[in-house]
Amino acid sequence: MSTKTQNNHAWWLVLPVVLLVAFNAVIPLMTVVNYSVQETFGDNVFFFEGVRWFQDILASERFHDALGRQFLFTAIILAIEIPLGVIIALCMPRKGVWVSVCLVLMSLPLLIPWNVVGAMWNIFALPDIGLLGKTLNALGFDYNYTREPMDAWFTVIAMDVWHWTSLVALLAYAGLTSIPDAYFQAARIDGASAWSVFRYIQLPKMKRVLTIAILLRFMDSFMIYTEPFVLTGGGPGNTTTFLSIDLVKMALGQFDLGPAAAMSIIYFLIILLVSWVFYTVTMRNED
Amino acid sequence: MDLISWMAWTPQTALFFLFILACLLTMSVWEFFSPGGAPRRGVLGLDTTRGDRLFISLLGSAFIHLAWLGLVGPDLRGAVGVSAVYALLVFLFV
């Protein structure tokens, strides 16, 4: 046993963060839990309902549909953005003036606010005056994202890929640049192919940053609201109504705070579970 | 009370959060008197600390309750029992 005196006073330094998290996360979350077991008609008057809202949400077809759409959307954008981001990172230069140019160009989409991205793509994809919409129609595609569910999905996915692939690329690039040259020299001496270099050097070295990239993109895309809301408003019909859009419709549109709170908790638990499973599985064999 | 009336507290939810707080305090006291929080490898092949096992127990219990609510009905006493057994197994073997 070590007899070294431990000074635990440094723990006080995390107090500001604890307070901040308490005010912006814990207290709101507690309030949501409180709302989820009650009914209100406004004026801060509440009626206890027990677990009824949870039961309703679990049995609700509307929730199942929104959840299904949400998982599909997240799976599609992860399947596109992660490989594409890695490919872009592999193509980016390591030295010279082009490094800064590439980095700035890659960062640009990330700097644009969500609602502006939605508005940009809304106009860009309009079938009669938008550059994308008009071009696709001129090429012979019958494209109209305000009318056709498939076109709306295509546009929402293209928008997300445009907005967020840079993040994956920049993270992967950071992972790649941290690999010492000695690894590549050794690979060259052994006559390794480009695929082997990628498979046995670059990919394992990028594992941590890719884990972060996948987690960030999973959580962000699972909570996506502003961009599809501005672009399609959840339509046509309900075809691009993802969970958060549905949640806002329920909470603010219908003022059903109880069911919306129950739905938020289920939504939160799903994100927590998937993130934990993913993180645990990925980090399982780490030293 | 105006300060917290907007949070719409109910005795049931207050008890729930007190239970969570009690779990955290119990873990702290346990660790203080009998340190053993270092990770160990359990049956799932995961390296978990005591805190991890509490997290797994609580998250799993939430899903057990949701499953019970969806499949059995609104009387959740059974779910509490299943969750307690589940938490015990997690603390012993995971």
# chains A, B, ... in the order shown; residues from 1 in each chain; ligands from 1
call {"tool": "residues_around", "arguments": {"residues": "B:Phe55", "least_positions_apart": "2", "cutoff": "12 Å", "atoms": "only C-alpha atoms", "output": "MDAnalysis selection string"}}
result
(chainID A and resid 272:273 276) or (chainID B and resid 20 23:24 27 48:53 57:62 87 90:91 94)
call {"tool": "residues_around", "arguments": {"residues": "A:Val99", "least_positions_apart": "4", "cutoff": "12 Å", "atoms": "only C-alpha atoms", "output": "short mmCIF file (atom, residue, chain, number, x, y, z; two decimals) with all heavy atoms, in the first residue's frame"}}
result
data_model
loop_
_atom_site.label_atom_id
_atom_site.label_comp_id
_atom_site.auth_asym_id
_atom_site.auth_seq_id
_atom_site.Cartn_x
_atom_site.Cartn_y
_atom_site.Cartn_z
N ALA A 89 -9.99 11.75 -46.75
CA ALA A 89 -8.81 11.97 -45.90
C ALA A 89 -7.57 11.33 -46.52
O ALA A 89 -6.48 11.90 -46.47
CB ALA A 89 -9.07 11.39 -44.51
N CYS A 91 -7.01 10.98 -49.63
CA CYS A 91 -6.62 11.73 -50.82
C CYS A 91 -6.03 13.10 -50.48
O CYS A 91 -5.44 13.75 -51.34
CB CYS A 91 -7.82 11.94 -51.74
SG CYS A 91 -8.46 10.41 -52.41
N MET A 92 -6.25 13.56 -49.25
CA MET A 92 -5.77 14.90 -48.91
C MET A 92 -4.25 14.92 -48.79
O MET A 92 -3.65 13.96 -48.32
CB MET A 92 -6.41 15.37 -47.59
CG MET A 92 -7.82 15.92 -47.80
SD MET A 92 -8.72 16.12 -46.27
CE MET A 92 -7.86 17.47 -45.51
N PRO A 93 -3.61 16.04 -49.22
CA PRO A 93 -2.13 16.10 -49.16
C PRO A 93 -1.63 16.18 -47.72
O PRO A 93 -2.35 16.65 -46.85
CB PRO A 93 -1.82 17.41 -49.91
CG PRO A 93 -3.06 18.22 -49.81
CD PRO A 93 -4.21 17.27 -49.75
N ARG A 94 -0.41 15.67 -47.50
CA ARG A 94 0.16 15.68 -46.14
C ARG A 94 1.06 16.88 -45.91
O ARG A 94 1.28 17.28 -44.79
CB ARG A 94 1.01 14.42 -45.91
CG ARG A 94 0.29 13.14 -46.07
CD ARG A 94 -0.70 12.95 -44.93
NE ARG A 94 -1.81 12.12 -45.35
CZ ARG A 94 -1.75 10.82 -45.45
NH1 ARG A 94 -0.65 10.21 -45.14
NH2 ARG A 94 -2.78 10.13 -45.88
N LYS A 95 1.64 17.40 -47.02
CA LYS A 95 2.59 18.51 -46.87
C LYS A 95 2.30 19.57 -47.92
O LYS A 95 1.63 19.28 -48.91
CB LYS A 95 4.03 18.01 -47.10
CG LYS A 95 4.53 16.99 -46.11
CD LYS A 95 5.99 16.67 -46.38
CE LYS A 95 6.47 15.49 -45.56
NZ LYS A 95 6.37 14.20 -46.25
N LEU A 103 -7.86 22.01 -45.89
CA LEU A 103 -8.47 22.06 -44.55
C LEU A 103 -9.55 23.14 -44.49
O LEU A 103 -10.63 22.93 -43.95
CB LEU A 103 -7.41 22.31 -43.48
CG LEU A 103 -6.48 21.13 -43.19
CD1 LEU A 103 -5.44 21.50 -42.16
CD2 LEU A 103 -7.27 19.91 -42.72
N VAL A 104 -9.25 24.31 -45.07
CA VAL A 104 -10.23 25.41 -45.05
C VAL A 104 -11.46 25.01 -45.85
O VAL A 104 -12.61 25.17 -45.41
CB VAL A 104 -9.61 26.71 -45.59
CG1 VAL A 104 -10.68 27.77 -45.79
CG2 VAL A 104 -8.55 27.22 -44.63
N LEU A 105 -11.22 24.45 -47.04
CA LEU A 105 -12.36 24.05 -47.89
C LEU A 105 -13.22 23.01 -47.19
O LEU A 105 -14.45 23.07 -47.23
CB LEU A 105 -11.85 23.49 -49.23
CG LEU A 105 -11.45 24.52 -50.27
CD1 LEU A 105 -10.95 23.83 -51.53
CD2 LEU A 105 -12.64 25.42 -50.61
N MET A 106 -12.54 22.05 -46.54
CA MET A 106 -13.29 20.98 -45.86
C MET A 106 -14.09 21.52 -44.67
O MET A 106 -15.13 20.99 -44.32
CB MET A 106 -12.35 19.89 -45.35
CG MET A 106 -11.61 19.12 -46.41
SD MET A 106 -12.70 18.33 -47.55
CE MET A 106 -13.47 17.14 -46.51
N LEU A 170 -12.04 15.25 -41.68
CA LEU A 170 -11.05 15.97 -40.87
C LEU A 170 -10.57 15.11 -39.70
O LEU A 170 -9.38 15.09 -39.39
CB LEU A 170 -11.64 17.29 -40.35
CG LEU A 170 -11.87 18.37 -41.41
CD1 LEU A 170 -12.56 19.58 -40.81
CD2 LEU A 170 -10.55 18.77 -42.05
N TYR A 173 -8.36 12.47 -41.13
CA TYR A 173 -7.11 13.10 -41.53
C TYR A 173 -6.20 13.30 -40.32
O TYR A 173 -5.00 13.05 -40.37
CB TYR A 173 -7.41 14.44 -42.22
CG TYR A 173 -6.20 15.13 -42.77
CD1 TYR A 173 -5.56 14.65 -43.91
CD2 TYR A 173 -5.69 16.27 -42.16
CE1 TYR A 173 -4.45 15.29 -44.42
CE2 TYR A 173 -4.58 16.92 -42.66
CZ TYR A 173 -3.95 16.42 -43.78
OH TYR A 173 -2.85 17.05 -44.29
N ALA A 174 -6.81 13.75 -39.21
CA ALA A 174 -6.03 13.93 -37.98
C ALA A 174 -5.43 12.59 -37.55
O ALA A 174 -4.27 12.52 -37.12
CB ALA A 174 -6.92 14.49 -36.88
N THR A 177 -2.48 11.71 -40.05
CA THR A 177 -1.25 12.49 -39.93
C THR A 177 -0.47 12.15 -38.66
O THR A 177 0.70 12.49 -38.54
CB THR A 177 -1.55 14.01 -39.94
OG1 THR A 177 -2.62 14.25 -39.03
CG2 THR A 177 -1.92 14.50 -41.31
#
call {"tool": "closest_atom_pairs", "arguments": {"of": "chain A", "to": "chain B", "cutoff": "8 Å", "atoms": "only C-alpha atoms", "output": "CSV"}}
result
residue,atom,partner,partner_atom,distance
A:Met30,CA,B:Met7,CA,7.7
A:Thr31,CA,B:Met7,CA,4.9
A:Val33,CA,B:Thr13,CA,7.1
A:Asn34,CA,B:Trp9,CA,5.7
A:Tyr35,CA,B:Ala8,CA,6.7
A:Asn44,CA,B:Trp6,CA,6.7
A:Phe46,CA,B:Ala8,CA,7.1
A:Phe48,CA,B:Thr10,CA,7.8
A:Val51,CA,B:Pro74,CA,6.7
A:Arg52,CA,B:Pro74,CA,7.6
A:Phe54,CA,B:Leu69,CA,7.7
A:Gln55,CA,B:Leu69,CA,6.2
A:Leu58,CA,B:Gly70,CA,6.0
A:Ala59,CA,B:Gly70,CA,7.0
A:Leu269,CA,B:Leu59,CA,7.6
A:Leu273,CA,B:Leu59,CA,7.4
A:Thr280,CA,B:Leu46,CA,7.8
A:Arg284,CA,B:Leu46,CA,6.5
call {"tool": "atom_distance", "arguments": {"atom1": "atom CA of A:Met219", "atom2": "atom CA of A:Arg69"}}
result
14.9 Å
call {"tool": "closest_residue", "arguments": {"among": "A:Val45, A:Ile27, A:Met223, A:Asn137", "to": "A:Thr74", "atoms": "only C-alpha atoms"}}
result
A:Met223
call {"tool": "atom_distance", "arguments": {"atom1": "atom CA of B:Leu21", "atom2": "atom CA of B:Arg77"}}
result
21.1 Å
call {"tool": "closest_residue", "arguments": {"among": "A:Asn115, A:Gly133, A:Ser100, A:Trp53", "to": "A:Ser36", "atoms": "only C-alpha atoms"}}
result
A:Trp53
call {"tool": "residues_around", "arguments": {"residues": "stretch 181-197 of chain A", "least_positions_apart": "6", "cutoff": "12 Å", "atoms": "only C-alpha atoms", "output": "number ranges by chain"}}
result
A: 90, 94, 203-205
call {"tool": "residues_around", "arguments": {"residues": "stretch 76-85 of chain A", "least_positions_apart": "6", "cutoff": "12 Å", "atoms": "only C-alpha atoms", "output": "ChimeraX atom specification"}}
result
/A:69-70,91-92,106,153-174,203,206-207,209-222,224
